[in-house]
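Notes to accompany the following structure.
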Amino acid sequence: MASISLKTGTVNKMVKEESHKAVENFSDQLSNERLEIEGRSLWADARRRFLSNKAAVASMVVLVAVTLLIVFGPMVSQFTYDEIDWANMAAPPSMETGHFFGTDHLGRDLFVRTLEGGRISFMVGALGALVAVIIGTIYGSMAGFLGGRVDNLMMRALEILQSFPFMFLVILMITFFGRSILLIFIAIGAVSWLDMARIVRGQTLSLKSKEFIEAAVISGASSTQIVFRHLIPNLLGIVVVYASLLVPGMILFESFLSFLGLGVQEPMTSWGALVNEGATSMEVAIWQLAFPTSFLVVTLFCFNFIGDGLRDALDPKDR
Amino acid sequence: MHSHAEAWERVVEGTHLINGVPMFTFILKRIGVAIPTLFILVLLSFFLMQMAPGSPFTGDFNMPPEILANLEAKYHLDKPLWQQFAYYLKDLLQGDLGPSFKYKDYTVNELVAQSFPVSITIGSLAFLVTVLMGVGLGTLAALRQNSWIDYTVMTFSMVGVVLPSFVIAPLMVLIFSISLKWLPAGGWNDGSWQNMVLPVAAMAILYVAAVARIMRSSMIETLNSNFIRTARAKGLPRRHIIFKHALKPALLPVVSYLGPAFVGIITGSVVIETVFGLPGIGQHFVNGALNRDYSLVLGLTIIIGSLTILFTAVVDILYGLIDPKIRVGS
Amino acid sequence: MKKPFKALKLAGIPALTLAASIMAVTNANAAIVPAGTQLAQAQELVRGNGAEPASIDPQKVEGVPGSSVTKDLFEGLVTQDADGNTIPGQAESWTVSEDNKVFTFKIRDTAQWSNGDPVTAGDFVFAFQRAVDPETASRYAWFMEIPTIVNASAIVKGKKPADSLGVKAIDDKTFQVTLEKPVPYFIKMLAHQTTFPVPQKIVEKFGDHWTRPGNMVSNGAYKLADWRVNEKIVLERNSNYWNDKETVINKVTYLPIVSTTSELNRYKADEVDMTNLIPVEHFKSLKKQIPNEVKVTPYLGTYYYTFNTKRKPFDDARVRKALSYAINRDAISKYVKGQGEKPAYTFTPETVSGFVPPTTDYSKMTQGERNAEAKRLLSEAGYGPDKPLKFDLLYNTDEAHKKVAIAIAQMWKPLGVKVTLVNQEWKTFLDSRNDGKFDVARAGWIGDYNEASTMLDLNTSTHGQNDSQFVNQMYDKLMSESRVVTSDEERSHLYTEAEKILADEMPVAPIYQYVTSRLVKPYVGGYPMSNVEDNVYTRDLFIKKH
């Protein structure tokens, strides 16, 4: 499992190693306890451990606050995200004009745009991660469960996909899907599931020899049933840890696409697009960089702390 | 019961062919797998690239059809796809990546020969800085867990992870080149050290941060594991324990992170290259794809793909060499 | 810098009143250093070049970056002075036959290649044939078809051999070109790189590698010293250039910096002396801080939106007009661009020589009147609050295009129009626009030579770049007539009529007239402020003591 590479950004790369450990420890735990009985208490334990992690809980609170702001904030402002205020172009923040975060070079209100951009960034992160997790889980558990030749073939295919430069696939997809950022992220999610698949496969291999699976096999359940009813629910722990760390990776990746000018379609925006625009004029209009960047950084921080918290919570070693 | 080292044994046992298989056989096996993998990579990229809308010759204006025909004939684009592929493979086997479709005065081989050294130089330096600083800082933070040193290191690494490089890099230019006038704002200048400082630093920041985090948590785990406790109980000096016993197993996760990352680092970052105006691989790759420079992108895909396969194998070998089971085992 | 001219091939071209004459020889192709100027010791210049050239082979150049470099390296039969006037280059004089079809050029005795070989008529014959030869596969082969050089079209199509082209070397220093039709602006076209000579011996010796440093031999004021793709192209003074004694700058470096912010940073860090562009966001503050270094010059081109007249509802002129009227061009040029661009109400920019812009109906109205008229037209066409007009606005990935699109979409909003902005990366965008897969698309046109037909021909029904697929017999007739008339006055009248048809039918909505804006260090002298084709020859510049 050492040859894993996820190229969607530093966060993910790092995540991989750490989630590995979580997987290992998690699987240790699973293999050493009677699952059916201990399963529930495992989750209760995890919740207790997570709640005692101050950084993670604080991050949770901040994240909820950011989410609320993103959802309801735009209602406070007198402006809409695409409205041009011809009298206040590239204007600094001011309470009088009602532009709390100032305006961009086209005179659009940055307060509303920052929050609007947050919606897109969250959506993109969640969607991309969701697609990656779904495909990865299904592919990995199938390979692990079916084993033998099929497993071998599926892993070969994975290796080939892995040797593709990630950017190549992404640019190709953008030329195909062109206009919709959501489609693009579904597509990116669809090529970022490789690590997920490997992790899940390893986990499945160790679960497979457990009694409850054997029991299901003997009682004549079909492969699909076993995978969906028995394997996947038991893989949920790692999947949650991994997904919590995929989301910030996706958000960061969107900002990279915006740098290349391949991100979300105007007049919609995202944090990545706003930060990128701000970065081109930081000497003349620092507020254009400062506000979106603060939101982006704080959110990514939170996701990272929560991911750490989840990992620790699901890591039995700290008992 | 579940010591870290034991957990890693499982990883090693589960996935590492090198265990129990002689190095030579292992390498042969790897090559046997790599060749078909590469072939499929070439095949897929070739056809995927052709499927993208637009062609290398779509221009600002509709070219008169006869001129377009002349251009396509020159690059064999008028032939059926499978035949184009056959041409390409034939040249490829002779090490010829073909002419660039965009840069009419150059072949892909020449473009790679010009840009690769730049990316490798910047990348290797950034890699070196990453390893030294990342491992050093991570270990330091682990040893001083929950002290101000720990918090400083961890905050720094978080910032490095969450701030996009297109914010960090221009910020550095603004401070060090324009305000302080210490270093050049861009350019390669035949690889003079002044021109390398900022790009290397900008690139390393991202990875140092990540490595420091991984190193810290893996070092903490190792220090808490049974065999280290035993060593401590035996009364071995702290320094001895850290360098002789803890460092190697703690490095494992860093190795498996940096192996694949190494290819990413040396094949260049389009952001860093764009901001600093460096003539490296990253720009060629992204612009090539956007320009539909089929041959350039294919050539780079093959090179990057092969490097990925190569370094994956190298990581596996390295893993075998610092296998905790052999070192620490019972 | 770009275009095909099917239309021109079809048009009957009249005998022009360009009298057969010998041009007076003035040495304006050199730096004019005002008396009393103290020159710097190091005469070296670093220019931002926008992008890596696709080629610096004169016949293979594809865009502006390559064109700028080749214009320093090579010199054609004629060249331009700082004001964009055509002046003798390698040819010291020329004669034109009675019927205006045969041009005979006398090449300077002093014209030499950088290796000391004389520039011969044979080199020109070789270069002209090379441009049309299918073997070369030049993207600019069409450029030789515009002036209807004998057999050019047939050769490009592969129907005749390249050596059947209507060019010949009468002797070593006499070069003759024969045209099928007397195209009036042929001489003007010879300042373009496609017609530059190339050293036959060298090209034949090195093949595709002849443009490498060490191999390349050139006949312009500079020669190639170094070339690193994506990093720099370095040119050094060519001591064998016929007018080398009046060149001042010894070394010029072109940097292919794509990011305008990076370019600005390097300008501020004193690593670049002359930028390629100024980032829009910084223009105002730069204008305040360093007004002397901000150079804005008119540019021969128009930024416009093109309507797909083959698609509903844009087949209805009222819809097109309504949308065009509702664009507040003053706001776009003043606030969105703000670099001195002028609002455009005609397709031909005012800077085109000899063009008097007609006053179109809507140019006289106030924006309020235009908006009211737009509303009226749209409801007449059957669109209103209960039946909103919905369509896509297509533009290519770029900060500047994005800003204009956003602003215009906002201006359309009060009409009850629902616009979806669609941005595609360059190649996909071109595909969509060329294939008519759009409702409304962004476009821009830069003239190839300084005459109104370079713009107006675009909207003729047979033109390759007629993206709106506009077909109007009257317009086609006016444009072909414009080549039959002999007096400038009459021709100007025809152009006015053509512009009126465009204003009535509105297949395209002109938005603003381009300008070129650059940052130029105060110590760079001789920067041309009135070359509308934006030819900045390094040989015309000099570095003042600083």
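Ligands are numbered from 1 in the order shown, chains are lettered A, B, ... in the order of the structure tokens, and residues start at 1 in each chain.
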Env of Glu75 (chain C): 7 Å cut, atoms = only C-alpha atoms, seq-sep filter 3 positions within chain, self excluded. Answer as number ranges by chain. C: 71, 79, 89-90, 196, 219-220
Dump C-alpha atoms for the selected residues as a PDB file, in the first residue's frame?
```
ATOM      1  CA  LYS C  71      10.908  42.437 -37.277  1.00  0.00           C
ATOM      2  CA  THR C  79       9.683  48.718 -43.634  1.00  0.00           C
ATOM      3  CA  GLY C  89      13.999  48.755 -46.488  1.00  0.00           C
ATOM      4  CA  GLN C  90      16.185  46.283 -48.324  1.00  0.00           C
ATOM      5  CA  PHE C 196      10.845  38.880 -45.505  1.00  0.00           C
ATOM      6  CA  ASN C 219      19.524  40.696 -42.615  1.00  0.00           C
ATOM      7  CA  GLY C 220      17.892  43.063 -40.124  1.00  0.00           C
TER       8      GLY C 220
END
```
Provide as a ChimeraX atom specification the residues of chain C at most 9 Å from chain A, counting only C-alpha atoms. /C:260-262,279-282,285,331,335-336,397-399,402-403,405-407,410,420-425,427-428
key: Shortest interatomic distance to chain A - which of B:Gly282, B:Gly235, B:Pro117, B:Pro249, counting only C-alpha atoms   =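 Checking each of B:Gly282, B:Gly235, B:Pro117, B:Pro249 against chain A, counting only C-alpha atoms, the winner is B:Gly282.
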Per-residue nearest contacts region 111-225 of chain C to region 89-112 of chain B, cut-off 8 Å, using only C-alpha atoms, as JSON lines:
```
{"residue": "C:Asp208", "atom": "CA", "partner": "B:Asp105", "partner_atom": "CA", "distance": 6.5}
{"residue": "C:His209", "atom": "CA", "partner": "B:Asp105", "partner_atom": "CA", "distance": 6.9}
{"residue": "C:Thr211", "atom": "CA", "partner": "B:Asp105", "partner_atom": "CA", "distance": 6.9}
```
Could the residues of chain B that have an atom at most 6 Å from chain C be listed as a Markdown table, each with its closest atom pair and the distance in Å to one decimal, counting only C-alpha atoms and ordered by chain and ascending residue number?
```
| residue | atom | partner | partner_atom | distance |
| --- | --- | --- | --- | --- |
| B:Pro53 | CA | C:Thr428 | CA | 5.7 |
| B:Gly54 | CA | C:Lys427 | CA | 5.2 |
| B:Phe61 | CA | C:Lys3 | CA | 5.7 |
| B:Asn62 | CA | C:Gly464 | CA | 5.6 |
| B:Glu66 | CA | C:Lys157 | CA | 5.4 |
| B:Asn70 | CA | C:Ala137 | CA | 5.3 |
| B:Leu71 | CA | C:Ala137 | CA | 4.9 |
| B:Lys102 | CA | C:Ala54 | CA | 5.7 |
| B:Tyr103 | CA | C:Ala54 | CA | 4.4 |
| B:Lys104 | CA | C:Ser55 | CA | 5.5 |
| B:Asp105 | CA | C:Ser55 | CA | 5.7 |
| B:Ile178 | CA | C:Ala269 | CA | 5.2 |
| B:Ala185 | CA | C:Arg266 | CA | 5.5 |
| B:Val275 | CA | C:Ser262 | CA | 5.8 |
| B:Pro279 | CA | C:Asn230 | CA | 4.8 |
```
With N, CA and C atoms retained, export the selected residues as a PDB file, in the first residue's frame.
```
ATOM      1  N   PRO B  53     -11.909  18.635 -28.086  1.00  0.00           N
ATOM      2  CA  PRO B  53     -12.298  19.543 -29.162  1.00  0.00           C
ATOM      3  C   PRO B  53     -11.152  20.486 -29.510  1.00  0.00           C
ATOM      4  N   GLY B  54     -11.128  20.987 -30.735  1.00  0.00           N
ATOM      5  CA  GLY B  54     -10.049  21.873 -31.167  1.00  0.00           C
ATOM      6  C   GLY B  54      -8.881  21.044 -31.646  1.00  0.00           C
ATOM      7  N   PHE B  61      -8.362  32.602 -36.788  1.00  0.00           N
ATOM      8  CA  PHE B  61      -9.260  32.732 -37.922  1.00  0.00           C
ATOM      9  C   PHE B  61      -9.429  31.359 -38.566  1.00  0.00           C
ATOM     10  N   ASN B  62     -10.466  31.200 -39.301  1.00  0.00           N
ATOM     11  CA  ASN B  62     -10.648  29.968 -40.059  1.00  0.00           C
ATOM     12  C   ASN B  62      -9.600  29.944 -41.144  1.00  0.00           C
ATOM     13  N   GLU B  66      -7.180  24.679 -47.779  1.00  0.00           N
ATOM     14  CA  GLU B  66      -6.001  24.095 -48.409  1.00  0.00           C
ATOM     15  C   GLU B  66      -4.761  24.276 -47.525  1.00  0.00           C
ATOM     16  N   ASN B  70      -2.449  21.354 -45.872  1.00  0.00           N
ATOM     17  CA  ASN B  70      -0.988  21.278 -45.960  1.00  0.00           C
ATOM     18  C   ASN B  70      -0.358  21.030 -44.597  1.00  0.00           C
ATOM     19  N   LEU B  71      -0.879  21.763 -43.602  1.00  0.00           N
ATOM     20  CA  LEU B  71      -0.353  21.616 -42.240  1.00  0.00           C
ATOM     21  C   LEU B  71      -0.591  20.207 -41.721  1.00  0.00           C
ATOM     22  N   LYS B 102       3.261  23.080 -31.722  1.00  0.00           N
ATOM     23  CA  LYS B 102       3.107  24.511 -31.457  1.00  0.00           C
ATOM     24  C   LYS B 102       4.412  25.241 -31.743  1.00  0.00           C
ATOM     25  N   TYR B 103       5.515  24.755 -31.180  1.00  0.00           N
ATOM     26  CA  TYR B 103       6.786  25.422 -31.382  1.00  0.00           C
ATOM     27  C   TYR B 103       7.441  24.846 -32.623  1.00  0.00           C
ATOM     28  N   LYS B 104       7.148  25.467 -33.752  1.00  0.00           N
ATOM     29  CA  LYS B 104       7.498  24.914 -35.052  1.00  0.00           C
ATOM     30  C   LYS B 104       8.993  24.725 -35.254  1.00  0.00           C
ATOM     31  N   ASP B 105       9.813  25.452 -34.503  1.00  0.00           N
ATOM     32  CA  ASP B 105      11.252  25.363 -34.707  1.00  0.00           C
ATOM     33  C   ASP B 105      11.901  24.266 -33.873  1.00  0.00           C
ATOM     34  N   ILE B 178      10.738  43.386  -4.740  1.00  0.00           N
ATOM     35  CA  ILE B 178      10.344  44.756  -5.040  1.00  0.00           C
ATOM     36  C   ILE B 178      10.631  45.686  -3.869  1.00  0.00           C
ATOM     37  N   ALA B 185      13.086  39.121  -9.323  1.00  0.00           N
ATOM     38  CA  ALA B 185      11.657  38.806  -9.292  1.00  0.00           C
ATOM     39  C   ALA B 185      11.309  37.638 -10.199  1.00  0.00           C
ATOM     40  N   VAL B 275       4.690  32.169 -12.089  1.00  0.00           N
ATOM     41  CA  VAL B 275       4.946  33.358 -11.281  1.00  0.00           C
ATOM     42  C   VAL B 275       6.393  33.827 -11.447  1.00  0.00           C
ATOM     43  N   PRO B 279      11.657  28.481 -17.196  1.00  0.00           N
ATOM     44  CA  PRO B 279      11.411  27.667 -18.380  1.00  0.00           C
ATOM     45  C   PRO B 279      11.403  26.176 -18.065  1.00  0.00           C
TER      46      PRO B 279
END
```
CA of Leu182 (chain A) to CA of Phe295 (chain A), distance in Å rounded to a single decimal: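 CA of Phe295 (chain A) lies at a distance of 21.2 Å from CA of Leu182 (chain A).
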Review point. Which residues come within 9 Å of region 100-103 of chain A, counting only C-alpha atoms, excluding same-chain residues fewer than 2 positions away, as number ranges by chain?
Key: A: 77, 85, 88-98, 105-112, 114, 287-288, 291
Handout entry: Phe470 (chain C) surroundings by only C-alpha atoms, 10 Å radius, close-in-sequence under 6 positions cut, as a ChimeraX atom specification
Key = /C:306-310,315,458-463,502,505-508
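Of the listed residues (B:Tyr257, B:Phe156, B:Tyr88, B:Phe176), B:Tyr257 comes nearest to chain A; the distances count only C-alpha atoms.
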query = Any idea what's packed within 6 Å of region 174-182 of chain C, counting only C-alpha atoms, ignoring anything in its chain fewer than 3 positions away? Could you give it as a ChimeraX atom specification?
reply = /C:13,15,100-106,121,148-150,166-171
Restricting the output to N, CA and C atoms, write the selected residues as a compact mmCIF listing (two decimals), in the first residue's frame.
```txt
# COMPACT_ATOMS: atom_id res chain seq x y z
N ILE C 13 -10.32 43.95 -58.71
CA ILE C 13 -9.49 45.02 -58.18
C ILE C 13 -9.06 45.97 -59.29
N ALA C 15 -7.34 49.20 -61.39
CA ALA C 15 -6.01 49.77 -61.56
C ALA C 15 -5.92 50.93 -60.60
N ASN C 100 0.06 48.71 -63.25
CA ASN C 100 0.13 48.51 -61.79
C ASN C 100 0.18 47.05 -61.37
N LYS C 101 0.73 46.21 -62.25
CA LYS C 101 0.78 44.79 -61.90
C LYS C 101 2.19 44.26 -61.73
N VAL C 102 3.15 44.91 -62.34
CA VAL C 102 4.53 44.41 -62.24
C VAL C 102 5.36 45.37 -61.41
N PHE C 103 5.92 44.85 -60.33
CA PHE C 103 6.72 45.67 -59.42
C PHE C 103 8.17 45.22 -59.52
N THR C 104 9.08 46.16 -59.80
CA THR C 104 10.49 45.81 -59.91
C THR C 104 11.26 46.54 -58.81
N PHE C 105 11.92 45.75 -57.97
CA PHE C 105 12.61 46.33 -56.81
C PHE C 105 14.11 46.31 -57.03
N LYS C 106 14.75 47.42 -56.66
CA LYS C 106 16.20 47.49 -56.72
C LYS C 106 16.72 47.29 -55.29
N ALA C 121 18.48 39.01 -54.94
CA ALA C 121 17.11 38.85 -55.41
C ALA C 121 16.71 37.39 -55.27
N THR C 148 -2.73 38.83 -54.75
CA THR C 148 -2.86 38.07 -56.01
C THR C 148 -1.55 37.95 -56.78
N ILE C 149 -0.48 37.57 -56.11
CA ILE C 149 0.77 37.27 -56.81
C ILE C 149 0.47 36.10 -57.76
N VAL C 150 0.98 36.20 -58.97
CA VAL C 150 0.64 35.21 -60.00
C VAL C 150 0.85 33.77 -59.49
N GLY C 166 4.73 34.06 -59.41
CA GLY C 166 5.07 35.23 -60.22
C GLY C 166 6.15 36.11 -59.65
N VAL C 167 7.29 35.52 -59.30
CA VAL C 167 8.42 36.31 -58.81
C VAL C 167 9.67 35.89 -59.57
N LYS C 168 10.57 36.82 -59.84
CA LYS C 168 11.83 36.40 -60.44
C LYS C 168 12.97 37.34 -60.11
N ALA C 169 14.17 36.78 -60.22
CA ALA C 169 15.38 37.57 -60.00
C ALA C 169 15.91 37.95 -61.36
N ILE C 170 15.79 39.23 -61.70
CA ILE C 170 16.28 39.66 -63.01
C ILE C 170 17.80 39.65 -63.01
N ASP C 171 18.39 40.17 -61.97
CA ASP C 171 19.81 39.94 -61.70
C ASP C 171 19.96 39.84 -60.20
```
Spatial neighbours of Leu43 (chain B), max dist 10 Å, only C-alpha atoms, sep filter under 6 positions, as number ranges by chain: B: 37, 85, 89, 298
Atoms kept (C-alpha atoms) for selection, written as a PDB file, in the first residue's frame:
```
ATOM      1  CA  THR B  37       1.457  -0.246 -18.149  1.00  0.00           C
ATOM      2  CA  PHE B  85      -0.524   5.963 -33.662  1.00  0.00           C
ATOM      3  CA  LEU B  89       5.002   4.317 -31.689  1.00  0.00           C
ATOM      4  CA  LEU B 298       2.202  12.971 -25.040  1.00  0.00           C
TER       5      LEU B 298
END
```
Mind checking which residues fall within 8 Å of Asp439 (chain C), counting only C-alpha atoms, ignoring those fewer than 5 positions away in the same chain, and posting them as number ranges by chain?
C: 307-308, 311, 314, 391-394
Would you save the residues of that selection, restricted to N, CA and C atoms, as an mmCIF file, in the first residue's frame?
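Output (out_34.cif):
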```
data_model
loop_
_atom_site.group_PDB
_atom_site.id
_atom_site.type_symbol
_atom_site.label_atom_id
_atom_site.label_comp_id
_atom_site.auth_asym_id
_atom_site.auth_seq_id
_atom_site.Cartn_x
_atom_site.Cartn_y
_atom_site.Cartn_z
ATOM 1 N N PHE C 307 -23.130 38.362 -33.323
ATOM 2 C CA PHE C 307 -24.390 37.638 -33.136
ATOM 3 C C PHE C 307 -24.480 36.518 -34.155
ATOM 4 N N ASN C 308 -24.964 35.377 -33.727
ATOM 5 C CA ASN C 308 -25.131 34.271 -34.660
ATOM 6 C C ASN C 308 -26.433 34.472 -35.427
ATOM 7 N N ARG C 311 -29.121 31.813 -36.021
ATOM 8 C CA ARG C 311 -29.833 31.186 -34.923
ATOM 9 C C ARG C 311 -30.951 32.084 -34.444
ATOM 10 N N PHE C 314 -31.596 35.566 -33.088
ATOM 11 C CA PHE C 314 -30.659 36.557 -33.602
ATOM 12 C C PHE C 314 -30.742 36.709 -35.114
ATOM 13 N N PHE C 391 -30.238 33.629 -23.543
ATOM 14 C CA PHE C 391 -29.180 33.138 -24.437
ATOM 15 C C PHE C 391 -27.845 33.038 -23.718
ATOM 16 N N ASP C 392 -26.860 32.442 -24.388
ATOM 17 C CA ASP C 392 -25.509 32.299 -23.840
ATOM 18 C C ASP C 392 -24.588 33.354 -24.441
ATOM 19 N N LEU C 393 -23.705 33.892 -23.613
ATOM 20 C CA LEU C 393 -22.674 34.795 -24.112
ATOM 21 C C LEU C 393 -21.336 34.073 -23.981
ATOM 22 N N LEU C 394 -20.696 33.846 -25.112
ATOM 23 C CA LEU C 394 -19.473 33.040 -25.142
ATOM 24 C C LEU C 394 -18.229 33.922 -25.205
#
```
Taken to one decimal, the CA of Ile70 (chain A)-CA of Glu254 (chain A) distance is 17.9 Å
